[in-house]
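> Next comes coords_17.cif, mmCIF, C-alpha atoms:
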data_protein
#
loop_
_atom_site.label_atom_id
_atom_site.label_comp_id
_atom_site.auth_asym_id
_atom_site.auth_seq_id
_atom_site.Cartn_x
_atom_site.Cartn_y
_atom_site.Cartn_z
CA LEU A 1 -10.37 -23.16 -0.23
CA VAL A 2 -6.60 -22.84 -0.55
CA ALA A 3 -6.39 -26.00 -2.68
CA LEU A 4 -8.88 -24.53 -5.14
CA LEU A 5 -6.56 -21.58 -5.78
CA THR A 6 -4.53 -23.90 -7.99
CA CYS A 7 -7.02 -26.37 -9.45
CA GLY A 8 -10.31 -24.50 -9.89
CA ASN A 9 -11.53 -22.64 -12.96
CA ASP A 10 -11.17 -18.86 -13.18
CA GLU A 11 -14.48 -18.16 -11.46
CA VAL A 12 -13.73 -20.60 -8.63
CA ILE A 13 -10.27 -19.09 -8.15
CA ASP A 14 -11.64 -15.53 -8.14
CA ASN A 15 -14.32 -16.44 -5.61
CA ASN A 16 -11.89 -18.38 -3.44
CA ALA A 17 -9.45 -15.50 -3.24
CA TRP A 18 -12.31 -13.19 -2.26
CA VAL A 19 -13.49 -15.60 0.46
CA LEU A 20 -9.97 -15.95 1.89
CA GLY A 21 -9.67 -12.17 2.05
CA SER A 22 -13.00 -11.93 3.84
CA LEU A 23 -11.93 -14.57 6.36
CA ALA A 24 -8.62 -12.83 7.07
CA ARG A 25 -9.89 -9.27 7.30
CA ASP A 26 -9.59 -7.93 10.86
CA ASN A 27 -8.96 -11.48 12.14
CA ALA A 28 -5.41 -12.21 13.27
CA GLU A 29 -6.09 -15.90 13.89
CA ASN A 30 -7.38 -16.40 10.37
CA GLN A 31 -4.47 -14.45 8.91
CA THR A 32 -2.14 -16.93 10.58
CA ALA A 33 -4.24 -19.98 9.72
CA ILE A 34 -4.53 -19.08 6.02
CA ALA A 35 -0.79 -18.60 5.75
CA ALA A 36 -0.12 -21.81 7.69
CA VAL A 37 -1.96 -23.97 5.16
CA GLY A 38 0.11 -22.64 2.28
CA ALA A 39 -2.03 -19.91 0.75
CA ILE A 40 0.71 -17.37 0.17
CA PRO A 41 2.62 -19.03 -2.72
CA PRO A 42 -0.48 -19.66 -4.89
CA LEU A 43 -1.76 -16.15 -4.17
CA VAL A 44 1.58 -14.72 -5.29
CA ALA A 45 1.45 -16.91 -8.40
CA LEU A 46 -1.95 -15.43 -9.28
CA LEU A 47 -0.37 -11.98 -9.53
CA THR A 48 1.02 -13.08 -12.90
CA SER A 49 -1.00 -16.12 -13.95
CA GLY A 50 -4.54 -15.10 -13.03
CA ASP A 51 -7.05 -13.10 -15.03
CA ASP A 52 -7.46 -9.42 -14.20
CA GLU A 53 -10.04 -10.12 -11.50
CA ALA A 54 -7.90 -12.86 -9.94
CA LYS A 55 -4.85 -10.61 -9.90
CA GLY A 56 -6.79 -7.92 -8.08
CA ASP A 57 -8.32 -10.40 -5.65
CA ALA A 58 -4.93 -11.98 -4.95
CA ALA A 59 -3.38 -8.58 -4.29
CA GLU A 60 -6.23 -7.72 -1.95
CA VAL A 61 -5.85 -10.96 0.02
CA LEU A 62 -2.11 -10.39 0.33
CA GLN A 63 -2.88 -6.88 1.55
CA VAL A 64 -5.15 -8.29 4.24
CA LEU A 65 -2.74 -11.07 5.22
CA ALA A 66 0.14 -8.60 5.59
CA TYR A 67 -1.74 -6.11 7.76
CA ASP A 68 0.02 -5.81 11.14
CA ASN A 69 1.37 -9.38 10.79
CA SER A 70 5.15 -9.47 10.67
CA GLU A 71 5.36 -13.21 9.93
CA ASN A 72 3.09 -12.85 6.91
CA GLN A 73 4.93 -9.73 5.76
CA THR A 74 8.14 -11.76 5.72
CA ALA A 75 6.55 -14.79 4.05
CA ILE A 76 4.88 -12.74 1.32
CA ALA A 77 8.12 -10.93 0.52
CA ALA A 78 10.03 -14.24 0.52
CA ALA A 79 7.55 -15.65 -2.00
CA GLY A 80 8.58 -12.93 -4.46
CA ALA A 81 5.43 -10.83 -4.26
CA ILE A 82 6.99 -7.36 -4.08
CA PRO A 83 8.22 -6.94 -7.68
CA LEU A 84 5.01 -8.55 -9.00
CA LEU A 85 2.88 -6.10 -7.01
CA VAL A 86 4.99 -3.20 -8.27
CA ALA A 87 4.46 -4.40 -11.84
CA LEU A 88 0.68 -4.19 -11.32
CA LEU A 89 1.02 -0.45 -10.65
CA THR A 90 1.51 0.02 -14.39
CA SER A 91 -0.33 -2.95 -15.90
CA GLY A 92 -3.39 -3.43 -13.74
CA ASN A 93 -6.82 -1.82 -13.97
CA ASP A 94 -7.77 0.79 -11.36
CA GLU A 95 -9.17 -1.76 -8.93
CA THR A 96 -6.11 -3.99 -9.22
CA LYS A 97 -3.80 -0.99 -8.77
CA GLU A 98 -5.65 0.00 -5.60
CA SER A 99 -5.17 -3.49 -4.13
CA ALA A 100 -1.54 -3.75 -5.22
CA ILE A 101 -0.74 -0.35 -3.68
CA GLY A 102 -2.47 -1.37 -0.46
CA ALA A 103 -0.55 -4.64 -0.35
CA LEU A 104 2.77 -2.84 -0.80
CA GLY A 105 1.83 -0.42 1.95
CA ASN A 106 0.97 -3.18 4.39
CA LEU A 107 4.13 -5.09 3.52
CA ALA A 108 6.20 -1.97 4.24
CA ARG A 109 4.35 -1.00 7.42
CA ALA A 110 6.85 -1.03 10.33
CA ASN A 111 9.10 -3.42 8.38
CA SER A 112 12.44 -1.94 7.40
CA GLU A 113 13.47 -4.84 5.16
CA ASN A 114 10.28 -4.60 3.15
CA GLN A 115 10.50 -0.80 3.05
CA THR A 116 13.88 -1.20 1.38
CA ALA A 117 12.69 -4.00 -0.92
CA VAL A 118 9.63 -2.09 -2.13
CA ALA A 119 11.79 0.93 -2.93
CA ALA A 120 14.40 -1.25 -4.65
CA ALA A 121 11.68 -2.74 -6.88
CA GLY A 122 10.95 0.72 -8.26
CA ALA A 123 7.70 1.50 -6.48
CA ILE A 124 8.42 5.05 -5.32
CA PRO A 125 8.31 6.91 -8.69
CA LEU A 126 5.19 4.98 -9.71
CA LEU A 127 3.44 5.81 -6.44
CA ALA A 128 4.45 9.46 -6.70
CA ALA A 129 3.03 9.64 -10.23
CA LEU A 130 -0.33 8.35 -8.97
CA LEU A 131 -0.65 11.40 -6.69
CA THR A 132 -1.66 13.39 -9.76
CA SER A 133 -2.94 10.75 -12.20
CA GLY A 134 -4.84 8.28 -10.03
CA ASN A 135 -8.49 8.22 -8.98
CA ASP A 136 -9.40 9.19 -5.42
CA LYS A 137 -9.00 5.70 -3.97
CA THR A 138 -5.71 5.13 -5.80
CA LYS A 139 -4.44 8.46 -4.46
CA GLU A 140 -5.50 7.52 -0.92
CA ASN A 141 -3.63 4.22 -1.12
CA ALA A 142 -0.57 5.76 -2.78
CA ILE A 143 -0.34 8.42 -0.06
CA ALA A 144 -0.63 5.86 2.74
CA THR A 145 1.96 3.59 1.12
CA LEU A 146 4.42 6.45 0.62
CA GLY A 147 3.97 7.23 4.31
CA ASN A 148 4.74 3.64 5.29
CA LEU A 149 7.81 3.68 3.05
CA ALA A 150 9.07 6.96 4.52
CA HIS A 151 8.39 6.17 8.18
CA HIS A 152 11.74 6.07 10.01
CA HIS A 153 13.55 5.26 6.74
CA SER A 154 15.92 8.03 5.73
CA GLU A 155 16.81 6.61 2.30
CA ASN A 156 13.15 6.39 1.34
CA GLN A 157 12.49 9.88 2.69
CA THR A 158 15.15 11.18 0.31
CA ALA A 159 13.96 9.04 -2.61
CA ILE A 160 10.34 10.16 -2.25
CA ALA A 161 11.34 13.82 -2.15
CA ALA A 162 13.56 13.31 -5.21
CA THR A 163 10.56 12.18 -7.28
CA GLY A 164 8.92 15.55 -6.78
CA ALA A 165 6.21 14.11 -4.54
CA ILE A 166 6.20 16.92 -1.98
CA PRO A 167 4.35 19.60 -4.05
CA PRO A 168 1.42 17.32 -5.02
CA LEU A 169 1.20 16.04 -1.44
CA VAL A 170 0.94 19.61 -0.20
CA ALA A 171 -1.62 20.46 -2.90
CA LEU A 172 -3.83 17.61 -1.71
CA LEU A 173 -4.00 19.19 1.76
CA THR A 174 -6.55 21.61 0.37
CA CYS A 175 -8.29 19.73 -2.44
CA GLY A 176 -8.45 16.11 -1.31
CA ASN A 177 -11.24 14.37 0.60
CA ASP A 178 -10.98 14.01 4.39
CA GLU A 179 -9.11 10.70 4.26
CA VAL A 180 -6.65 12.02 1.68
CA ILE A 181 -6.02 15.13 3.80
CA ASP A 182 -5.51 13.07 6.98
CA ASN A 183 -3.10 10.69 5.25
CA ASN A 184 -1.26 13.57 3.58
CA ALA A 185 -0.59 15.34 6.83
CA TRP A 186 0.80 12.09 8.26
CA VAL A 187 2.99 11.44 5.20
CA LEU A 188 4.42 14.94 5.27
CA GLY A 189 5.28 14.39 8.92
CA SER A 190 7.01 11.11 8.07
CA LEU A 191 8.98 12.79 5.29
CA ALA A 192 10.02 15.66 7.56
CA ARG A 193 10.97 13.63 10.63
CA ASP A 194 14.70 14.04 11.38
CA ASN A 195 15.26 15.25 7.79
CA ALA A 196 16.27 18.89 7.52
CA GLU A 197 16.18 19.00 3.71
CA ASN A 198 12.64 17.68 3.58
CA GLN A 199 11.56 20.01 6.36
CA THR A 200 12.79 22.95 4.28
CA ALA A 201 11.27 21.62 1.06
CA ILE A 202 7.86 21.05 2.64
CA ALA A 203 7.79 24.57 4.08
CA ALA A 204 9.03 26.05 0.79
CA VAL A 205 6.02 24.78 -1.18
CA GLY A 206 3.54 26.30 1.24
CA ALA A 207 2.59 23.45 3.54
CA ILE A 208 2.55 25.37 6.80
CA PRO A 209 -0.61 27.52 6.30
CA PRO A 210 -2.89 24.58 5.30
CA LEU A 211 -1.45 22.44 8.10
CA VAL A 212 -2.16 25.21 10.59
CA ALA A 213 -5.67 25.56 9.18
CA LEU A 214 -6.29 21.87 9.84
CA LEU A 215 -5.79 22.50 13.56
CA THR A 216 -9.18 24.18 13.58
CA SER A 217 -10.98 22.90 10.48
CA GLY A 218 -9.85 19.26 10.33
CA ASP A 219 -11.84 16.30 11.61
#
Can you give me the file's structure in the form of structure tokens?

Amino acid sequence: LVALLTCGNDEVIDNNAWVLGSLARDNAENQTAIAAVGAIPPLVALLTSGDDEAKGDAAEVLQVLAYDNSENQTAIAAAGAIPLLVALLTSGNDETKESAIGALGNLARANSENQTAVAAAGAIPLLAALLTSGNDKTKENAIATLGNLAHHHSENQTAIAATGAIPPLVALLTCGNDEVIDNNAWVLGSLARDNAENQTAIAAVGAIPPLVALLTSGD
């Protein structure tokens, strides 16, 4: 399967990437095994050389491989995936954007080096813009990824607030779907943690009443 990522036709490559993602999803042993046989470099290469479907599939597989797997997070970043994934936030179709955002979020999850690298590649303003321009799934992924970038990372907390992300995040507490609302509350907490300026800014745009309302109306 991994070998066919580099020598198959477009349809074979697209299908192979999808199969690898299915094998790795919610399976830590397969995550490790797929990385061990050299899948990460050709998947990263597909982010620029593949057709639109292959790019999206490759981003999705990288998202799955990175999930709660520190070795794969490191290997994917070392293969140069982060700036290529960030580039897909502006050049990909909606489905590709969703997968690229998810991959960046999983790469940044509880990984301070990748949190810094994702921010350095210019992801934060692009993610903040998607809070108002993206479809529902893109918004969900952007919110979760901003939360992973902000979590226990003071520089990213400041950078996210500087993009003007706080008002749209607060607005989505009352008009998003349940998953968006849940993620938003968590992101606002990550932005406010040990950060007095963000605490003040979040309160100033009216976050407290809808957050209090969620104590009784939320799922």
> What would the selection look like, as a VMD selection string, if the PyMOL selection byres ((chain A and resi 20) around 9) were run on the coordinates I just shared?
chain A and resid 1 to 2 15 to 19 21 to 25 30 34 39 61
> So how far away is CA of Ala58 (chain A) from CA of Leu46 (chain A), in Å?
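Separating CA of Leu46 (chain A) from CA of Ala58 (chain A) is a distance of 6.3 Å.
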> Please determine, counting only C-alpha atoms, which residue among A:Leu215, A:Ala54, A:Ala66, A:Ile13 has the shortest atom-to-atom distance to Asp26 (chain A).
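Smallest separation from Asp26 (chain A) among the options: A:Ala66.
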> From the list A:Thr132, A:Asn156, A:Ser217, A:Gln199, which residue is nearest Pro168 (chain A) when using all atoms listed in the file?
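Of A:Thr132, A:Asn156, A:Ser217, A:Gln199, the one nearest Pro168 (chain A), counting all atoms listed in the file, is A:Thr132.
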> List as a PyMOL selection string the protein and nucleic acid residues near region 82-94 of chain A, meaning an atom at most 9 Å away when only C-alpha atoms are counted, but skip any in the same chain fewer than 4 places from it.
chain A and resi 44+47-48+52+55-56+59+76-78+98-101+103-104+107+114+117-118+120-123+126-127+134-135+137-138
> Run the PyMOL selection byres ((chain A and resi 181) around 10) mentally over the shown coordinates, then write out the matched residues as a PyMOL selection string, using the chain letters and numbers from the document.
chain A and resi 140+143+169-180+182-187+211+214+218-219
> As an exercise, work out the distance from CA of Asn148 (chain A) to CA of Arg109 (chain A) in Å and give it to one decimal place.
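Straight-line distance from CA of Asn148 (chain A) to CA of Arg109 (chain A) works out to 5.1 Å.
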> Counting only C-alpha atoms, which residue out of A:Gln63, A:Ser49, A:Gln31, A:Thr6 sits closest to Gly102 (chain A)?
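Of A:Gln63, A:Ser49, A:Gln31, A:Thr6, the one nearest Gly102 (chain A), counting only C-alpha atoms, is A:Gln63.
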> Could you give me the centre and size, in Å to one decimal, of an axis-aligned box around all listed atoms of region 173-179 of chain A with 4 Å added on every side, as lines of an AutoDock Vina configuration file?

center_x = -7.6
center_y = 16.2
center_z = 1.0
size_x = 15.2
size_y = 18.9
size_z = 14.8
> Hey, which of A:Pro167, A:Gly105, A:Gly147, A:Pro210 ends up closest to Glu60 (chain A)? Count only C-alpha atoms.
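Using only C-alpha atoms, Glu60 (chain A) sits closest to A:Gly105.
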> Mind checking which residues fall within 12 Å of Leu191 (chain A), counting all atoms listed in the file, ignoring those fewer than 2 positions away in the same chain, and posting them as number ranges by chain?
A: 143, 146-162, 165-166, 169-170, 184-189, 193-203
